[in-house]
$ cat entry33.txt   # compact mmCIF, C-alpha atoms
# COMPACT_ATOMS: atom_id res chain seq x y z
CA MET A 1 -81.27 53.10 -67.47
CA LYS A 2 -80.14 51.14 -70.48
CA SER A 3 -76.79 50.33 -68.91
CA VAL A 4 -78.55 49.05 -65.79
CA ASN A 5 -80.52 46.61 -67.95
CA LYS A 6 -77.36 45.62 -69.78
CA ARG A 7 -75.64 44.92 -66.48
CA LYS A 8 -78.60 42.84 -65.29
CA PHE A 9 -78.49 40.83 -68.50
CA GLN A 10 -74.75 40.30 -68.13
CA ILE A 11 -75.18 39.03 -64.57
CA PHE A 12 -77.97 36.70 -65.68
CA PHE A 13 -75.83 35.43 -68.56
CA VAL A 14 -72.80 34.81 -66.31
CA GLY A 15 -75.01 32.95 -63.85
CA ALA A 16 -76.63 30.83 -66.56
CA ALA A 17 -73.28 29.94 -68.17
CA THR A 18 -71.73 29.08 -64.79
CA GLY A 19 -74.66 26.84 -63.89
CA LEU A 20 -74.76 25.05 -67.25
CA ILE A 21 -71.02 24.34 -67.22
CA ASN A 22 -70.90 23.31 -63.57
CA GLY A 23 -73.87 20.98 -64.01
CA PHE A 24 -72.82 19.45 -67.31
CA PHE A 25 -69.13 18.99 -66.50
CA GLY A 26 -69.70 18.28 -62.82
CA GLY A 27 -67.40 21.12 -61.85
CA GLY A 28 -65.36 23.98 -63.22
CA GLY A 29 -67.98 26.66 -62.57
CA GLY A 30 -65.46 28.59 -60.50
CA MET A 31 -63.10 28.77 -63.47
CA VAL A 32 -65.84 30.64 -65.30
CA VAL A 33 -67.28 32.82 -62.58
CA VAL A 34 -64.00 34.14 -61.09
CA PRO A 35 -62.71 35.86 -64.27
CA MET A 36 -66.22 37.12 -64.98
CA LEU A 37 -66.56 38.69 -61.53
CA ARG A 38 -63.18 40.31 -61.98
CA ARG A 39 -63.64 41.63 -65.50
CA LEU A 40 -67.33 42.36 -65.71
CA LEU A 41 -67.99 43.54 -62.18
CA GLY A 42 -64.52 44.71 -61.20
CA TYR A 43 -64.13 42.61 -58.03
CA ASP A 44 -60.64 42.41 -56.56
CA GLU A 45 -58.95 39.00 -56.61
CA ARG A 46 -59.72 37.84 -53.07
CA CYS A 47 -63.28 39.12 -53.24
CA ALA A 48 -63.86 37.37 -56.56
CA HIS A 49 -62.58 34.04 -55.23
CA ALA A 50 -64.60 34.24 -52.00
CA THR A 51 -67.77 35.33 -53.76
CA ALA A 52 -67.31 32.62 -56.39
CA VAL A 53 -67.37 29.92 -53.70
CA ALA A 54 -70.60 31.42 -52.35
CA VAL A 55 -72.11 31.19 -55.86
CA ILE A 56 -70.78 27.71 -56.63
CA LEU A 57 -71.89 26.16 -53.32
CA PRO A 58 -75.69 26.36 -53.88
CA VAL A 59 -75.20 25.62 -57.58
CA THR A 60 -73.17 22.51 -56.79
CA ALA A 61 -75.70 21.41 -54.17
CA VAL A 62 -78.40 21.48 -56.88
CA SER A 63 -76.27 19.51 -59.37
CA ALA A 64 -75.09 17.07 -56.70
CA PHE A 65 -78.71 16.35 -55.80
CA THR A 66 -79.55 15.74 -59.48
CA TYR A 67 -76.63 13.30 -59.88
CA LEU A 68 -77.44 11.53 -56.59
CA ASN A 69 -81.06 11.25 -57.63
CA ALA A 70 -80.01 9.65 -60.93
CA GLY A 71 -78.00 7.07 -58.96
CA ILE A 72 -74.67 8.02 -60.56
CA PHE A 73 -72.76 8.55 -57.29
CA PRO A 74 -70.60 5.49 -56.32
CA THR A 75 -70.93 5.46 -52.53
CA VAL A 76 -67.68 3.93 -51.19
CA THR A 77 -65.32 5.56 -53.71
CA GLY A 78 -67.24 8.79 -53.39
CA PHE A 79 -66.99 9.00 -49.61
CA SER A 80 -63.28 8.12 -49.62
CA VAL A 81 -62.58 10.91 -52.08
CA SER A 82 -64.78 13.30 -50.09
CA ILE A 83 -62.74 12.73 -46.91
CA GLY A 84 -59.57 13.55 -48.87
CA VAL A 85 -61.12 16.63 -50.46
CA PHE A 86 -62.24 17.94 -47.09
CA LEU A 87 -58.80 17.54 -45.48
CA GLY A 88 -56.99 18.77 -48.60
CA GLY A 89 -59.27 21.79 -48.89
CA ILE A 90 -58.42 22.94 -45.37
CA SER A 91 -54.68 22.39 -45.98
CA GLY A 92 -54.81 24.22 -49.31
CA ALA A 93 -56.61 27.21 -47.80
CA ALA A 94 -54.01 27.34 -45.01
CA ALA A 95 -51.11 27.08 -47.48
CA LEU A 96 -52.51 29.86 -49.64
CA GLY A 97 -50.23 32.86 -49.47
CA LYS A 98 -47.21 30.83 -48.40
CA LEU A 99 -46.43 29.53 -51.88
CA LYS A 100 -45.69 31.46 -55.05
CA PRO A 101 -49.02 31.52 -56.89
CA THR A 102 -47.70 32.19 -60.40
CA PHE A 103 -45.51 29.08 -60.36
CA ILE A 104 -48.36 26.87 -59.17
CA GLU A 105 -50.70 28.35 -61.76
CA LYS A 106 -48.28 27.62 -64.59
CA LEU A 107 -47.81 24.07 -63.36
CA PHE A 108 -51.55 23.72 -62.98
CA SER A 109 -52.21 24.98 -66.54
CA ALA A 110 -49.67 22.54 -67.96
CA ALA A 111 -51.28 19.66 -66.03
CA MET A 112 -54.73 20.65 -67.30
CA PHE A 113 -53.42 20.76 -70.86
CA ALA A 114 -51.90 17.28 -70.56
CA ALA A 115 -55.04 15.87 -68.97
CA GLY A 116 -57.19 17.47 -71.68
CA ILE A 117 -55.20 15.80 -74.45
CA ARG A 118 -55.25 12.49 -72.59
CA MET A 119 -59.03 12.62 -72.23
CA LEU A 120 -59.51 13.43 -75.90
CA LEU A 121 -57.37 10.53 -77.07
CA GLY A 122 -57.71 7.89 -74.34
CA MET B 123 -59.52 3.26 -50.65
CA PHE B 124 -56.33 4.99 -49.52
CA ASN B 125 -55.64 5.97 -53.15
CA TYR B 126 -59.01 7.66 -53.36
CA ILE B 127 -58.40 9.62 -50.15
CA LEU B 128 -55.01 10.71 -51.52
CA VAL B 129 -56.47 11.78 -54.87
CA GLY B 130 -59.22 13.66 -53.04
CA PHE B 131 -56.58 15.35 -50.90
CA LEU B 132 -54.66 16.56 -53.98
CA GLY B 133 -57.80 17.91 -55.58
CA GLY B 134 -58.84 19.46 -52.28
CA VAL B 135 -55.53 21.29 -51.81
CA LEU B 136 -55.85 23.00 -55.18
CA GLY B 137 -59.52 23.67 -54.56
CA GLY B 138 -58.70 25.25 -51.22
CA MET B 139 -56.24 27.52 -52.97
CA GLY B 140 -59.05 28.63 -55.24
CA MET B 141 -57.68 27.07 -58.39
CA GLY B 142 -60.50 24.83 -59.48
CA GLY B 143 -60.31 21.64 -57.48
CA GLY B 144 -62.80 19.87 -59.72
CA THR B 145 -60.85 20.47 -62.89
CA VAL B 146 -58.00 18.54 -61.23
CA LEU B 147 -59.99 15.97 -59.30
CA ILE B 148 -62.06 14.75 -62.26
CA PRO B 149 -59.09 13.95 -64.57
CA LEU B 150 -57.18 12.43 -61.62
CA LEU B 151 -60.09 10.08 -60.99
CA THR B 152 -60.71 9.16 -64.62
CA VAL B 153 -57.17 9.10 -66.05
CA PHE B 154 -55.28 7.67 -63.06
CA CYS B 155 -57.91 5.70 -61.16
CA GLY B 156 -60.03 4.49 -64.06
CA VAL B 157 -63.25 5.89 -62.63
CA ASP B 158 -66.10 6.36 -65.10
CA GLN B 159 -66.45 9.99 -66.27
CA LYS B 160 -70.02 10.45 -65.09
CA ALA B 161 -69.25 8.89 -61.69
CA ALA B 162 -66.18 11.16 -61.34
CA GLN B 163 -68.35 14.20 -62.00
CA ALA B 164 -70.86 13.06 -59.37
CA ILE B 165 -68.03 12.47 -56.86
CA ASN B 166 -66.58 15.91 -57.49
CA LEU B 167 -69.93 17.64 -56.98
CA VAL B 168 -70.82 15.77 -53.79
CA SER B 169 -67.34 16.09 -52.25
CA PHE B 170 -67.26 19.82 -52.91
CA VAL B 171 -70.29 20.63 -50.74
CA PRO B 172 -68.95 20.02 -47.18
CA MET B 173 -65.64 21.73 -47.97
CA ALA B 174 -67.40 24.72 -49.52
CA ILE B 175 -69.68 25.12 -46.49
CA VAL B 176 -66.60 25.55 -44.30
CA ALA B 177 -64.97 27.90 -46.84
CA VAL B 178 -68.04 30.10 -47.22
CA THR B 179 -68.44 30.34 -43.42
CA VAL B 180 -64.84 31.53 -43.06
CA HIS B 181 -65.12 33.98 -45.98
CA LEU B 182 -68.38 35.40 -44.61
CA LYS B 183 -66.84 35.98 -41.19
CA ARG B 184 -63.95 37.84 -42.75
CA GLY B 185 -66.24 39.93 -44.94
CA ARG B 186 -64.80 38.74 -48.23
CA ILE B 187 -68.08 37.91 -49.90
CA LYS B 188 -69.99 40.63 -51.67
CA LYS B 189 -73.56 39.85 -50.74
CA LYS B 190 -75.29 42.64 -52.64
CA GLY B 191 -76.79 41.33 -55.87
CA LEU B 192 -75.48 37.84 -55.18
CA LEU B 193 -78.92 36.25 -55.51
CA SER B 194 -79.37 37.53 -59.08
CA LEU B 195 -76.25 35.53 -59.94
CA ILE B 196 -77.12 32.44 -57.88
CA LEU B 197 -80.71 31.97 -59.07
CA PRO B 198 -80.04 31.62 -62.83
CA ALA B 199 -76.89 29.61 -62.03
CA ALA B 200 -78.80 27.16 -59.82
CA PHE B 201 -81.57 26.76 -62.40
CA PHE B 202 -79.20 26.13 -65.31
CA SER B 203 -77.04 23.78 -63.24
CA ALA B 204 -80.11 21.56 -62.85
CA VAL B 205 -80.53 21.70 -66.64
CA GLY B 206 -76.84 20.96 -67.23
CA SER B 207 -76.74 18.01 -64.85
CA ALA B 208 -79.97 16.56 -66.26
CA VAL B 209 -78.37 16.63 -69.73
CA ALA B 210 -75.18 15.06 -68.34
CA GLY B 211 -77.28 12.38 -66.65
CA VAL B 212 -78.61 11.07 -69.96
CA ALA B 213 -75.43 11.72 -71.97
CA ASP B 214 -72.95 8.98 -72.85
CA SER B 215 -69.91 8.83 -70.53
CA LEU B 216 -67.47 8.81 -73.45
CA VAL B 217 -69.08 11.91 -74.94
CA LEU B 218 -68.79 13.60 -71.53
CA ARG B 219 -65.13 12.58 -71.30
CA ARG B 220 -64.31 14.07 -74.71
CA ALA B 221 -66.26 17.22 -73.95
CA PHE B 222 -64.44 17.55 -70.63
CA GLY B 223 -61.12 17.18 -72.45
CA VAL B 224 -62.00 20.07 -74.76
CA PHE B 225 -63.12 22.13 -71.76
CA LEU B 226 -59.78 21.48 -70.01
CA LEU B 227 -57.80 22.50 -73.10
CA PHE B 228 -59.76 25.76 -73.30
CA LEU B 229 -59.12 26.47 -69.61
CA ALA B 230 -55.42 25.64 -69.93
CA VAL B 231 -54.91 27.92 -72.92
CA PHE B 232 -56.98 30.65 -71.32
CA SER B 233 -55.13 30.55 -68.00
CA LEU B 234 -51.72 30.44 -69.69
CA PHE B 235 -52.25 33.24 -72.18
CA GLY B 236 -55.56 34.96 -71.50
CA LYS B 237 -55.18 36.73 -68.18
CA ASN B 238 -53.41 39.91 -67.24
CA ARG B 239 -50.14 38.46 -66.11
CA LYS B 240 -48.02 41.51 -66.79
CA GLN B 241 -48.88 43.36 -63.61
CA PRO B 242 -46.63 42.22 -60.77
CA VAL B 243 -48.37 40.82 -57.70
CA LYS B 244 -47.13 43.48 -55.29
CA GLN B 245 -48.42 46.27 -57.48
CA ARG B 246 -51.75 44.54 -57.69
CA GLU B 247 -51.98 44.36 -53.90
CA ILE B 248 -51.35 48.08 -53.55
CA HIS B 249 -53.94 48.69 -56.21
CA ASP B 250 -56.44 46.58 -54.29
CA LYS B 251 -55.85 48.45 -51.06
CA ASN B 252 -56.48 51.81 -52.66
CA ASP B 253 -59.29 50.77 -54.90
CA PHE B 254 -62.54 51.85 -53.33
CA GLY B 255 -64.12 51.96 -56.73
CA ARG B 256 -67.06 50.16 -58.23
CA GLN B 257 -67.27 46.89 -56.34
CA LYS B 258 -65.96 46.13 -52.91
CA CYS B 259 -66.04 43.35 -50.39
CA ASP B 260 -68.66 43.89 -47.73
CA ASN B 261 -66.09 44.56 -45.08
CA LEU B 262 -62.89 46.06 -46.44
CA HIS B 263 -61.43 46.85 -43.03
CA ASN B 264 -61.45 43.26 -41.98
CA LYS B 265 -58.84 42.20 -44.51
CA GLU B 266 -56.03 40.16 -43.03

$ encode --input "entry33.txt" --output "structure tokens"
Amino acid sequence: MKSVNKRKFQIFFVGAATGLINGFFGGGGGMVVVPMLRRLLGYDERCAHATAVAVILPVTAVSAFTYLNAGIFPTVTGFSVSIGVFLGGISGAAALGKLKPTFIEKLFSAAMFAAGIRMLLG
Amino acid sequence: MFNYILVGFLGGVLGGMGMGGGTVLIPLLTVFCGVDQKAAQAINLVSFVPMAIVAVTVHLKRGRIKKKGLLSLILPAAFFSAVGSAVAGVADSLVLRRAFGVFLLFLAVFSLFGKNRKQPVKQREIHDKNDFGRQKCDNLHNKE
């Protein structure tokens, strides 16, 4: 019984942390929820990624509404980027499995590191 | 405008591969395009929604989403995302930018050194196929 409660608390905590991060940083919730689903709940990789999108979608819709409501969204720039994201998202999903993931992940981590430093200093 | 579509495309490709499109898109917009941090965050959130609707539809059809108990994860997440974005709404853009930089550094270090990278991919796939243990996708037989 105790472990059931502990599990429930863990799930609540993961959800709360994901929401806070995704709302405050305007993204990145998936980077939190995927490893949590894998480690805490033992999901396999594909399952964790797919389920993460299902969690992040409603969460992002809530944050997006809050930002829109506050008038922070720049319409023209925003819609241009959105068109690109939509097309890129479909291409990326189609390319998944055809490229070596470990290489891309390393490259991706290095890019994140560089961008992080740049944002701290610049 | 073309630049913005291109930047969106780059972020979208990585997002579609499940590698955190927003963590790429936001720095691309702020560092390379000079977009304000808060505006970049708003753009990332709004642009994610239509793409994610398509992705979730596909994943649901293929039975990759574990629906059981999903709501107990979504509800606290949705509530706290409203809290997080309300705080971001009143925060200073420069503070957000610095905080985002720290967040990126954490993610970079974590993804480089934190995960289990020792297990080769092929072995992991075999493990996945045979693992009917604690948590499963809703429809395991529908895997590609």

$ residues_near_point --input "entry33.txt" --point "(-72.1, 37.1, -59.1)" --cutoff "9 Å" --atoms "only C-alpha atoms" --output "PyMOL selection string"
(chain A and resi 11-12+14-15+33-34+36-37+41+48+51-52+54-55) or (chain B and resi 188-189+191-196)

$ atom_distance --input "entry33.txt" --atom1 "CA of Ala230 in chain B" --atom2 "CA of Ile117 in chain A"
10.8 Å

$ residues_around --input "entry33.txt" --residues "range 206-220 of chain B" --least-positions-apart "4" --cutoff "9 Å" --atoms "all atoms listed in the file" --output "PyMOL selection string"
(chain A and resi 19-26+62-64+66-67+70+72+116+119-121) or (chain B and resi 152+158-161+201-202+224-225)

$ atom_distance --input "entry33.txt" --atom1 "CA of Gly137 in chain B" --atom2 "CA of Leu40 in chain A"
23.1 Å

$ closest_residue --input "entry33.txt" --among "B:Tyr126, B:Phe235, B:Phe154, B:Phe228" --to "chain A" --atoms "all atoms listed in the file"
B:Tyr126

$ atom_distance --input "entry33.txt" --atom1 "CA of Ser203 in chain B" --atom2 "CA of Val59 in chain A"
6.2 Å

$ closest_residue --input "entry33.txt" --among "B:Asn125, B:Gly185, B:Leu150, B:Leu167" --to "chain A" --atoms "all atoms listed in the file"
B:Leu167

$ closest_residue --input "entry33.txt" --among "B:Ala221, B:Leu229, B:Val176, B:Ala199" --to "chain A" --atoms "all atoms listed in the file"
B:Ala199

$ closest_residue --input "entry33.txt" --among "B:Leu227, B:Leu128, B:Gly133, B:Ile148" --to "Ile165 in chain B" --atoms "all atoms listed in the file"
B:Ile148

$ residues_around --input "entry33.txt" --residues "Leu68 in chain A" --least-positions-apart "5" --cutoff "9 Å" --atoms "all atoms listed in the file" --output "PyMOL selection string"
(chain A and resi 63+73) or (chain B and resi 164+168)

$ closest_atom_pairs --input "entry33.txt" --of "range 147-251 of chain B" --to "range 87-91 of chain A" --cutoff "12 Å" --atoms "only C-alpha atoms" --output "CSV"
residue,atom,partner,partner_atom,distance
B:Leu147,CA,A:Gly88,CA,11.5
B:Ser169,CA,A:Gly89,CA,10.4
B:Phe170,CA,A:Gly89,CA,9.2
B:Val171,CA,A:Gly89,CA,11.2
B:Pro172,CA,A:Gly89,CA,10.0
B:Met173,CA,A:Gly89,CA,6.4
B:Ala174,CA,A:Gly89,CA,8.7
B:Ile175,CA,A:Gly89,CA,11.2
B:Val176,CA,A:Ile90,CA,8.7
B:Ala177,CA,A:Ile90,CA,8.3
B:Val180,CA,A:Ile90,CA,11.0

$ closest_residue --input "entry33.txt" --among "B:Val146, B:Val153, B:Val178, B:Val231" --to "Asn166 in chain B" --atoms "only C-alpha atoms"
B:Val146

$ closest_residue --input "entry33.txt" --among "A:Val4, A:Val85, A:Ile56, A:Ala95" --to "chain B" --atoms "all atoms listed in the file"
A:Val85

$ build_atoms --input "entry33.txt" --residues "range 83-94 of chain A" --atoms "all heavy atoms" --output "short mmCIF file (atom, residue, chain, number, x, y, z; two decimals), keeping the file's coordinate frame"
data_model
loop_
_atom_site.label_atom_id
_atom_site.label_comp_id
_atom_site.auth_asym_id
_atom_site.auth_seq_id
_atom_site.Cartn_x
_atom_site.Cartn_y
_atom_site.Cartn_z
N ILE A 83 -63.56 12.54 -48.12
CA ILE A 83 -62.74 12.73 -46.91
C ILE A 83 -61.44 13.44 -47.30
O ILE A 83 -61.03 14.42 -46.68
CB ILE A 83 -62.43 11.37 -46.24
CG1 ILE A 83 -63.72 10.77 -45.68
CG2 ILE A 83 -61.40 11.54 -45.13
CD1 ILE A 83 -63.57 9.30 -45.27
N GLY A 84 -60.81 12.95 -48.39
CA GLY A 84 -59.57 13.55 -48.87
C GLY A 84 -59.77 15.00 -49.28
O GLY A 84 -58.95 15.87 -48.93
N VAL A 85 -60.85 15.27 -49.99
CA VAL A 85 -61.12 16.63 -50.46
C VAL A 85 -61.28 17.57 -49.27
O VAL A 85 -60.74 18.69 -49.26
CB VAL A 85 -62.38 16.68 -51.35
CG1 VAL A 85 -62.83 18.10 -51.59
CG2 VAL A 85 -62.12 15.99 -52.69
N PHE A 86 -61.99 17.10 -48.26
CA PHE A 86 -62.24 17.94 -47.09
C PHE A 86 -60.93 18.31 -46.38
O PHE A 86 -60.66 19.48 -46.11
CB PHE A 86 -63.19 17.22 -46.13
CG PHE A 86 -63.71 18.11 -45.04
CD1 PHE A 86 -64.74 19.00 -45.29
CD2 PHE A 86 -63.16 18.07 -43.77
CE1 PHE A 86 -65.20 19.84 -44.30
CE2 PHE A 86 -63.63 18.90 -42.77
CZ PHE A 86 -64.66 19.79 -43.04
N LEU A 87 -60.08 17.29 -46.14
CA LEU A 87 -58.80 17.54 -45.48
C LEU A 87 -57.88 18.38 -46.37
O LEU A 87 -57.22 19.31 -45.91
CB LEU A 87 -58.12 16.21 -45.13
CG LEU A 87 -58.88 15.32 -44.14
CD1 LEU A 87 -58.17 13.99 -43.97
CD2 LEU A 87 -59.02 16.03 -42.80
N GLY A 88 -57.83 18.03 -47.66
CA GLY A 88 -56.99 18.77 -48.60
C GLY A 88 -57.43 20.21 -48.73
O GLY A 88 -56.60 21.12 -48.83
N GLY A 89 -58.73 20.43 -48.75
CA GLY A 89 -59.27 21.79 -48.89
C GLY A 89 -58.81 22.69 -47.76
O GLY A 89 -58.39 23.83 -47.98
N ILE A 90 -58.85 22.16 -46.53
CA ILE A 90 -58.42 22.94 -45.37
C ILE A 90 -56.92 23.23 -45.46
O ILE A 90 -56.47 24.36 -45.23
CB ILE A 90 -58.78 22.19 -44.07
CG1 ILE A 90 -60.31 22.14 -43.92
CG2 ILE A 90 -58.17 22.87 -42.85
CD1 ILE A 90 -60.78 21.18 -42.86
N SER A 91 -56.13 22.20 -45.85
CA SER A 91 -54.68 22.39 -45.98
C SER A 91 -54.36 23.41 -47.06
O SER A 91 -53.50 24.28 -46.88
CB SER A 91 -54.00 21.07 -46.34
OG SER A 91 -54.52 20.02 -45.59
N GLY A 92 -55.07 23.31 -48.20
CA GLY A 92 -54.81 24.22 -49.31
C GLY A 92 -55.12 25.66 -48.93
O GLY A 92 -54.35 26.58 -49.24
N ALA A 93 -56.23 25.86 -48.22
CA ALA A 93 -56.61 27.21 -47.80
C ALA A 93 -55.57 27.77 -46.84
O ALA A 93 -55.22 28.95 -46.90
CB ALA A 93 -57.98 27.18 -47.15
N ALA A 94 -55.02 26.89 -45.97
CA ALA A 94 -54.01 27.34 -45.01
C ALA A 94 -52.69 27.66 -45.71
O ALA A 94 -51.99 28.58 -45.31
CB ALA A 94 -53.81 26.26 -43.94
#
